[in-house]
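S.K.: I am attaching a structure below and will ask some questions about it afterwards.
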4 protein chains.
Amino acid sequence: MTEEFEKLEPIRVPELDEILGKPFKVLDDGFIRVVDYMGSDQSVVQAARVSYGKGTKKLRQDRGLIRYLMRHKHTTPFEMCEIKFHIRIPMDAWRQWIRHRTANVNEYSTRYSIAIDSAQTTKPDEWRMQSKNNKQGSAGFFDTETGEKLTEEERRLQKLARETYQKRIDLGVAREQARKDLPLSTYTEAYWKIDLHNLLHFLRLRMEKNAQLEIRKYAEIIGHQIVSKWVPFTWEAFLDYEMNAQKFSAIELEVIKNLIADKIDDALQIADNAGWLKEKEGKLLKNLERMEMEEKLEMLGIKKPW
Amino acid sequence: MTEEFEKLEPIRVPELDEILGKPFKVLDDGFIRVVDYMGSDQSVVQAARVSYGKGTKKLRQDRGLIRYLMRHKHTTPFEMCEIKFHIRIPMDAWRQWIRHRTANVNEYSTRYSIAIDSAQTTKPDEWRMQSKNNKQGSAGFFDTETGEKLTEEERRLQKLARETYQKRIDLGVAREQARKDLPLSTYTEAYWKIDLHNLLHFLRLRMEKNAQLEIRKYAEIIGHQIVSKWVPFTWEAFLDYEMNAQKFSAIELEVIKNLIADKIDDALQIADNAGWLKEKEGKLLKNLERMEMEEKLEMLGIKKPW
Amino acid sequence: MTEEFEKLEPIRVPELDEILGKPFKVLDDGFIRVVDYMGSDQSVVQAARVSYGKGTKKLRQDRGLIRYLMRHKHTTPFEMCEIKFHIRIPMDAWRQWIRHRTANVNEYSTRYSIAIDSAQTTKPDEWRMQSKNNKQGSAGFFDTETGEKLTEEERRLQKLARETYQKRIDLGVAREQARKDLPLSTYTEAYWKIDLHNLLHFLRLRMEKNAQLEIRKYAEIIGHQIVSKWVPFTWEAFLDYEMNAQKFSAIELEVIKNLIADKIDDALQIADNAGWLKEKEGKLLKNLERMEMEEKLEMLGIKKPW
Amino acid sequence: MTEEFEKLEPIRVPELDEILGKPFKVLDDGFIRVVDYMGSDQSVVQAARVSYGKGTKKLRQDRGLIRYLMRHKHTTPFEMCEIKFHIRIPMDAWRQWIRHRTANVNEYSTRYSIAIDSAQTTKPDEWRMQSKNNKQGSAGFFDTETGEKLTEEERRLQKLARETYQKRIDLGVAREQARKDLPLSTYTEAYWKIDLHNLLHFLRLRMEKNAQLEIRKYAEIIGHQIVSKWVPFTWEAFLDYEMNAQKFSAIELEVIKNLIADKIDDALQIADNAGWLKEKEGKLLKNLERMEMEEKLEMLGIKKPW
């Protein structure tokens, strides 16, 4: 053996140990809580350094190294941390959640046990209107009167669904079949274990403003209440380089460069070549790529040239 | 370059090409169809031979090689074949299906589009009773009279659920929220793509007698109608070495050896050491390990010694 | 919230904490040590019980539940435990190791740092002969005289390889290119993190008698020195139901049943149908399936009928 | 069944069929060739449309949809295409390649067969110097005289390595052990199968200017010669939105916005808060984050304010 190792102590993060097992309430009857975890910011650094060898130990500070890894998408050191949650969530949101495949899951089985007697309910002021711009989004809320009607109908449907389920169970219908008409709003529970890299990927997608509200509420608690305590350097780097970063395509970069250099005609030419400036009866046609460019120009404080 | 390669032709399996795109009906309103595929038994052989080198080409016949790979769990050559399905399935069964993580999926989005207007219905003679022995299984059917009542209640619940959904949509509730109380029996559609090794793993679990009837019906069509045509040697080897094979634990092997050698006392001693023979008031206590051993002994035609 | 949760304490296994960080020596200059872990037998049980619901808590003892899960391949609860190793291993063995894809890895980078100055050496009595029966195995050792010659040649080659590498480095050749002719015996180091289910899968393949000796030595330490301490119930179940179990194919089962029932002719007929009894000049031809059956019959103490 | 499906024809891409099986030469004795594939740009569109439902069919053109998916990281439709390569590559480059885990692999086995008798050689003008700025990169080439010496030493080492291997084999040393001192430059072969999404991820990392030259040569052929023919819309979108795009962190965006608005002091303040402007003896200290910002400012044609 070429070197001596000292006996190791388990790596613990006191800020996270403090909330171990504590449920954070989500939605009307859901929760999420940390059941166990492994590693810390320090484990990310340790893993990176086995790659980089020993000479580098003094060269960089831990925070700088973590930011470097995040910035350059050196993702494997972040896989060295692992966390396990206990979640209670409506099946509808769980259907989205489970699409993240690189995780370990044990879900409550309604073949084996009676379904959890709780379905997500909607308060009169929580009914959301279909977004016009975003085919898969919502925008704004209904007035109270409409909301009350909707809530009342929800209550009636959920009641009938539960009664029907209970009748089947009482009659002796197999649980695996009795559950078939439970509403998607029915709560389920699961243990969910994932490494830090894949968790951040989940958060980037599910904390995003276009993510569905229900799952976003879980994601925000995971991010702001849990990950921020667990691995504060990683969390900061993630916000800076992923969550709040902005990507510009090759075409967008060309347009911006020309606008900054005051070469308006060149910028227009590039935009036109990209098909952004097609008109009909003197008006620009709707073009998603151009519209997203416009948002970015506005964000940068650059006037759009078309 | 050390060798010359001939231009390759795409590998096609005429028996599978014949049913490409053809939907197999499943349940009352579901289907499964092959949309595309890549590879054949021949691709498994080809991949195995890159591992084994060229000298082996003549030594083994293809069928023998495929059986060898299956028997010894050399699974990577089976990953060289890929198949893509289009599936229509109730969300409840889909919830189980999606737990198989090593696959590619695109599912119909009820955030983006109106939910499919179809829910799985149950005929009066299809209501299953809860199994007493298997906590997660069913056993036997209800009589027609009870079945008719259950079917009528199912109809009423599904009708109210759909009306409630439709009202929400008509009012302008966001699709992502309107769907929240749809019953689990609502049909969804998806493209599902998977390699042959992982597909066989799926089939071993889902064609098994304890798998839930609904998903089993899909699995049986995939196995018997599709995989058997696609890769006949692989399918035969799978049935022989996986589906219809039987595993014996270290303890079970010891018991059987002793029984075959007529050393009844030794067999009993081993069983007792394993905790199988605990009694209460002169009767053997329920013990799952012993009960499974008894089934295997019966299958082999060996009398149980206790 | 429907229930109250107590604050949780981290789950620790004292027997494993005791060896945390301690390197186990492997080969001439390799090692393996546990750097961190998460979970225990208790976590497997906990995860299984979220699936089975609360009613089952008293029904089964933990050991029995773990054995049930292992026996019936309910693998997801075992994924709830995670372990991280620090390994030092020759690149040749690492090439096999890394083929297990469901794991997290950070390897020492010889692009970034000077290659580790150590290559696996072979003592004169450690040179193995090519197996005749197993194309990918070894059988027996060379005599000392031959061994000494081989060891001397190994020394000479490794010396030239290292000198050539060092000269390149001294001249300023890029590390990423200088390393190109390092021998596969060169040691590398890595952090390797994996869940318990996938670790057991690794052990089943790499502790097996046909696994290459070098990797088997690492696997045996992981199994017997580490996993056995970490999750003793799981380890016992794994040995019984996986490592030391035996699988019989559908055809093998038919042959055995008939032999036990003394229906020799029927057994012979089945074997013949399976193509096992082809002869040439009065002698049975070599047939792998039949030969493996013969081993199993001998193990069970049943006389082969052909 | 609610709809009728037509029988499908296999999806073929004539431009790719034309080069099916044709080896592209790489390095001195390597190659890569497409053995089989499944899907096309059309399959990406088809998969996206099952998610979005039928109403969208006419709304978007295929190219626009593919660009939208790429831009918004809707990656699952790209997983619906699959491609299989046959590769011949030095083990050293293969060690990097194999780190991409989401792929299927069958590699030539040197336990089972004699190692391929070819090692990557370096021409006198191909020896690269260690980069000063990039610890894991190279920069510039050696003069011919030095190069010739290095090549001669390479030749001598590779010759001794092969002779030693051959002697072991001739003596009857087990192949699994005889190979232990083969140089990393030894060629290996493999079948490698991967879906389009993961292939693009591989290309983004391995076509990048900091990737090692050897693997980059394979990646460039895959990208420019193969993927560009196979899925031209996807390839174009990938170049625009991934390969040639540029990401700006939250801090970088703030600095740029202020510089565009001519608020130099604010920009300096933000940079200082980020720790970019630490000085020692009147000179800015080396700071990677600032230096990367400077490159981006230069690319945009914005003068750095510090």
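In the structure tokens, the first chain shown is A, the next is B, and so on; residue numbers restart at 1 for each chain, and ligands run from 1 in the order shown.
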Might you pull out every residue within 10 Å of A:Ala178, with only C-alpha atoms counted and same-chain residues fewer than 6 positions away left off, and present them as a ChimeraX atom specification?
M.R.: /A:110-111,114-115,164-169,171-172 /B:127-130,150
S.K.: What would the file look like if the residues just selected were written as a PDB file, in the first residue's frame with N, CA and C atoms?
M.R.:
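Result file follows (selection.pdb):
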ATOM      1  N   THR A 110     -51.613   0.044  -3.710  1.00  0.00           N
ATOM      2  CA  THR A 110     -53.056  -0.124  -3.524  1.00  0.00           C
ATOM      3  C   THR A 110     -53.541  -1.474  -4.047  1.00  0.00           C
ATOM      4  N   ARG A 111     -52.603  -2.319  -4.481  1.00  0.00           N
ATOM      5  CA  ARG A 111     -52.977  -3.721  -4.690  1.00  0.00           C
ATOM      6  C   ARG A 111     -52.943  -4.426  -3.342  1.00  0.00           C
ATOM      7  N   ILE A 114     -55.464  -0.914   1.338  1.00  0.00           N
ATOM      8  CA  ILE A 114     -56.562  -0.008   1.002  1.00  0.00           C
ATOM      9  C   ILE A 114     -55.980   1.353   0.595  1.00  0.00           C
ATOM     10  N   ALA A 115     -56.528   1.923  -0.459  1.00  0.00           N
ATOM     11  CA  ALA A 115     -56.044   3.226  -0.925  1.00  0.00           C
ATOM     12  C   ALA A 115     -56.143   4.268   0.182  1.00  0.00           C
ATOM     13  N   THR A 164     -67.959   4.605  -3.974  1.00  0.00           N
ATOM     14  CA  THR A 164     -67.941   3.473  -4.891  1.00  0.00           C
ATOM     15  C   THR A 164     -66.781   2.542  -4.567  1.00  0.00           C
ATOM     16  N   TYR A 165     -65.624   3.149  -4.301  1.00  0.00           N
ATOM     17  CA  TYR A 165     -64.449   2.346  -3.928  1.00  0.00           C
ATOM     18  C   TYR A 165     -64.746   1.549  -2.660  1.00  0.00           C
ATOM     19  N   GLN A 166     -65.309   2.226  -1.664  1.00  0.00           N
ATOM     20  CA  GLN A 166     -65.536   1.570  -0.380  1.00  0.00           C
ATOM     21  C   GLN A 166     -66.533   0.420  -0.516  1.00  0.00           C
ATOM     22  N   LYS A 167     -67.564   0.655  -1.328  1.00  0.00           N
ATOM     23  CA  LYS A 167     -68.548  -0.409  -1.561  1.00  0.00           C
ATOM     24  C   LYS A 167     -67.887  -1.625  -2.175  1.00  0.00           C
ATOM     25  N   ARG A 168     -67.044  -1.384  -3.156  1.00  0.00           N
ATOM     26  CA  ARG A 168     -66.363  -2.516  -3.802  1.00  0.00           C
ATOM     27  C   ARG A 168     -65.531  -3.291  -2.777  1.00  0.00           C
ATOM     28  N   ILE A 169     -64.778  -2.546  -1.970  1.00  0.00           N
ATOM     29  CA  ILE A 169     -63.941  -3.191  -0.954  1.00  0.00           C
ATOM     30  C   ILE A 169     -64.809  -3.989   0.004  1.00  0.00           C
ATOM     31  N   LEU A 171     -67.631  -5.295  -0.480  1.00  0.00           N
ATOM     32  CA  LEU A 171     -68.194  -6.477  -1.137  1.00  0.00           C
ATOM     33  C   LEU A 171     -67.149  -7.574  -1.321  1.00  0.00           C
ATOM     34  N   GLY A 172     -65.872  -7.189  -1.250  1.00  0.00           N
ATOM     35  CA  GLY A 172     -64.816  -8.184  -1.447  1.00  0.00           C
ATOM     36  C   GLY A 172     -64.192  -8.149  -2.826  1.00  0.00           C
TER      37      GLY A 172
ATOM     38  N   TRP B 127     -65.872  -8.951 -12.658  1.00  0.00           N
ATOM     39  CA  TRP B 127     -65.473  -8.446 -11.333  1.00  0.00           C
ATOM     40  C   TRP B 127     -64.798  -9.547 -10.539  1.00  0.00           C
ATOM     41  N   ARG B 128     -63.596  -9.258 -10.044  1.00  0.00           N
ATOM     42  CA  ARG B 128     -62.773 -10.300  -9.414  1.00  0.00           C
ATOM     43  C   ARG B 128     -62.800 -10.155  -7.887  1.00  0.00           C
ATOM     44  N   MET B 129     -62.756 -11.299  -7.208  1.00  0.00           N
ATOM     45  CA  MET B 129     -62.754 -11.276  -5.751  1.00  0.00           C
ATOM     46  C   MET B 129     -61.320 -11.205  -5.219  1.00  0.00           C
ATOM     47  N   GLN B 130     -61.183 -10.548  -4.061  1.00  0.00           N
ATOM     48  CA  GLN B 130     -59.886 -10.464  -3.401  1.00  0.00           C
ATOM     49  C   GLN B 130     -59.406 -11.866  -3.042  1.00  0.00           C
ATOM     50  N   LEU B 150     -72.317  -3.801  -9.716  1.00  0.00           N
ATOM     51  CA  LEU B 150     -71.009  -3.139  -9.732  1.00  0.00           C
ATOM     52  C   LEU B 150     -70.765  -2.403 -11.049  1.00  0.00           C
TER      53      LEU B 150
END
S.K.: Can you pull out the residues contacting A:Ala47? Cut-off 8 Å, using only C-alpha atoms, and skip same-chain residues under 5 positions away; I want them as a PyMOL selection string.
M.R.: (chain A and resi 77+80) or (chain C and resi 106+191)
S.K.: Can you write out the residues you just picked, keeping N, CA and C atoms, as an mmCIF file, in the first residue's frame?
M.R.:
data_model
loop_
_atom_site.group_PDB
_atom_site.id
_atom_site.type_symbol
_atom_site.label_atom_id
_atom_site.label_comp_id
_atom_site.auth_asym_id
_atom_site.auth_seq_id
_atom_site.Cartn_x
_atom_site.Cartn_y
_atom_site.Cartn_z
ATOM 1 N N PRO A 77 -19.057 14.406 -9.950
ATOM 2 C CA PRO A 77 -18.866 14.578 -8.503
ATOM 3 C C PRO A 77 -20.175 14.839 -7.747
ATOM 4 N N MET A 80 -22.090 11.918 -6.230
ATOM 5 C CA MET A 80 -21.557 11.265 -5.040
ATOM 6 C C MET A 80 -22.388 11.550 -3.785
ATOM 7 N N ASN C 106 -16.068 8.431 -10.044
ATOM 8 C CA ASN C 106 -15.061 9.447 -10.311
ATOM 9 C C ASN C 106 -13.713 8.774 -10.300
ATOM 10 N N TYR C 191 -13.472 6.658 -6.941
ATOM 11 C CA TYR C 191 -14.610 6.557 -6.034
ATOM 12 C C TYR C 191 -15.714 5.871 -6.816
#
S.K.: Taking only C-alpha atoms into account, what are the residues of chain B at most 6 Å from chain D, put as a compact mmCIF listing (two decimals) with N, CA and C atoms, in the first residue's frame?
M.R.:
# COMPACT_ATOMS: atom_id res chain seq x y z
N MET B 1 -6.49 0.00 -42.38
CA MET B 1 -7.62 -0.85 -41.99
C MET B 1 -7.24 -2.31 -42.23
N LYS B 7 -20.85 -3.43 -47.76
CA LYS B 7 -21.99 -2.59 -47.47
C LYS B 7 -23.09 -3.47 -46.86
N LEU B 8 -23.75 -2.96 -45.84
CA LEU B 8 -24.78 -3.75 -45.17
C LEU B 8 -26.17 -3.39 -45.67
N LEU B 20 -46.38 -4.80 -38.83
CA LEU B 20 -45.93 -3.46 -38.45
C LEU B 20 -47.09 -2.47 -38.53
N GLY B 21 -47.38 -1.84 -37.41
CA GLY B 21 -48.45 -0.85 -37.38
C GLY B 21 -49.81 -1.43 -37.06
N LYS B 22 -49.95 -2.72 -37.14
CA LYS B 22 -51.25 -3.38 -36.90
C LYS B 22 -51.56 -3.40 -35.40
N ASP B 29 -60.91 -1.20 -24.71
CA ASP B 29 -60.64 -0.14 -25.68
C ASP B 29 -59.15 0.17 -25.79
N MET B 38 -35.50 -2.70 -34.51
CA MET B 38 -34.14 -2.76 -35.03
C MET B 38 -33.53 -4.07 -34.56
N VAL B 50 -18.70 -10.46 -31.62
CA VAL B 50 -17.63 -9.47 -31.48
C VAL B 50 -16.92 -9.70 -30.16
N SER B 51 -17.66 -10.15 -29.15
CA SER B 51 -17.03 -10.45 -27.87
C SER B 51 -16.14 -11.68 -27.97
N TYR B 52 -16.65 -12.69 -28.64
CA TYR B 52 -15.93 -13.97 -28.63
C TYR B 52 -14.87 -14.05 -29.73
N GLY B 53 -14.84 -13.08 -30.61
CA GLY B 53 -13.84 -13.10 -31.67
C GLY B 53 -14.28 -13.98 -32.82
N GLU B 107 -45.59 10.08 -23.67
CA GLU B 107 -46.98 9.82 -23.35
C GLU B 107 -47.86 10.99 -23.79
N TYR B 108 -49.06 10.67 -24.15
CA TYR B 108 -50.08 11.64 -24.47
C TYR B 108 -50.21 12.62 -23.30
N SER B 109 -50.21 13.91 -23.58
CA SER B 109 -50.23 14.90 -22.51
C SER B 109 -51.61 15.50 -22.32
N TYR B 112 -51.65 19.31 -22.35
CA TYR B 112 -51.60 19.94 -23.65
C TYR B 112 -52.89 19.72 -24.44
N SER B 113 -53.47 18.56 -24.26
CA SER B 113 -54.66 18.19 -25.05
C SER B 113 -55.76 17.70 -24.12
S.K.: Could you write out, as an MDAnalysis selection string, all the residues of stretch 119-268 of chain D that DSSP marks as alpha helix (DSSP H)?
M.R.: chainID D and resid 144:171 175:178 196:206 213:220 228:230 232:238 250:260 264:268
S.K.: Could you list, as number ranges by chain, every residue within 10 Å of B:Glu254, counting only C-alpha atoms and ignoring same-chain residues fewer than 2 positions away?
M.R.: B: 248-252, 256-259, 266-267, 270-271; C: 299-300
S.K.: Just the number, please: distance in Å from atom CA of B:Leu205 to atom CA of B:Ile32, one decimal.
M.R.: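 Value for the atom CA of B:Leu205-atom CA of B:Ile32 distance: 18.2 Å.
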S.K.: Work out how far apart atom CA of B:Arg63 and atom CA of B:Phe233 are and give it in Å to one decimal.
M.R.: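 Rounded to one decimal, the two atoms are 5.9 Å apart.
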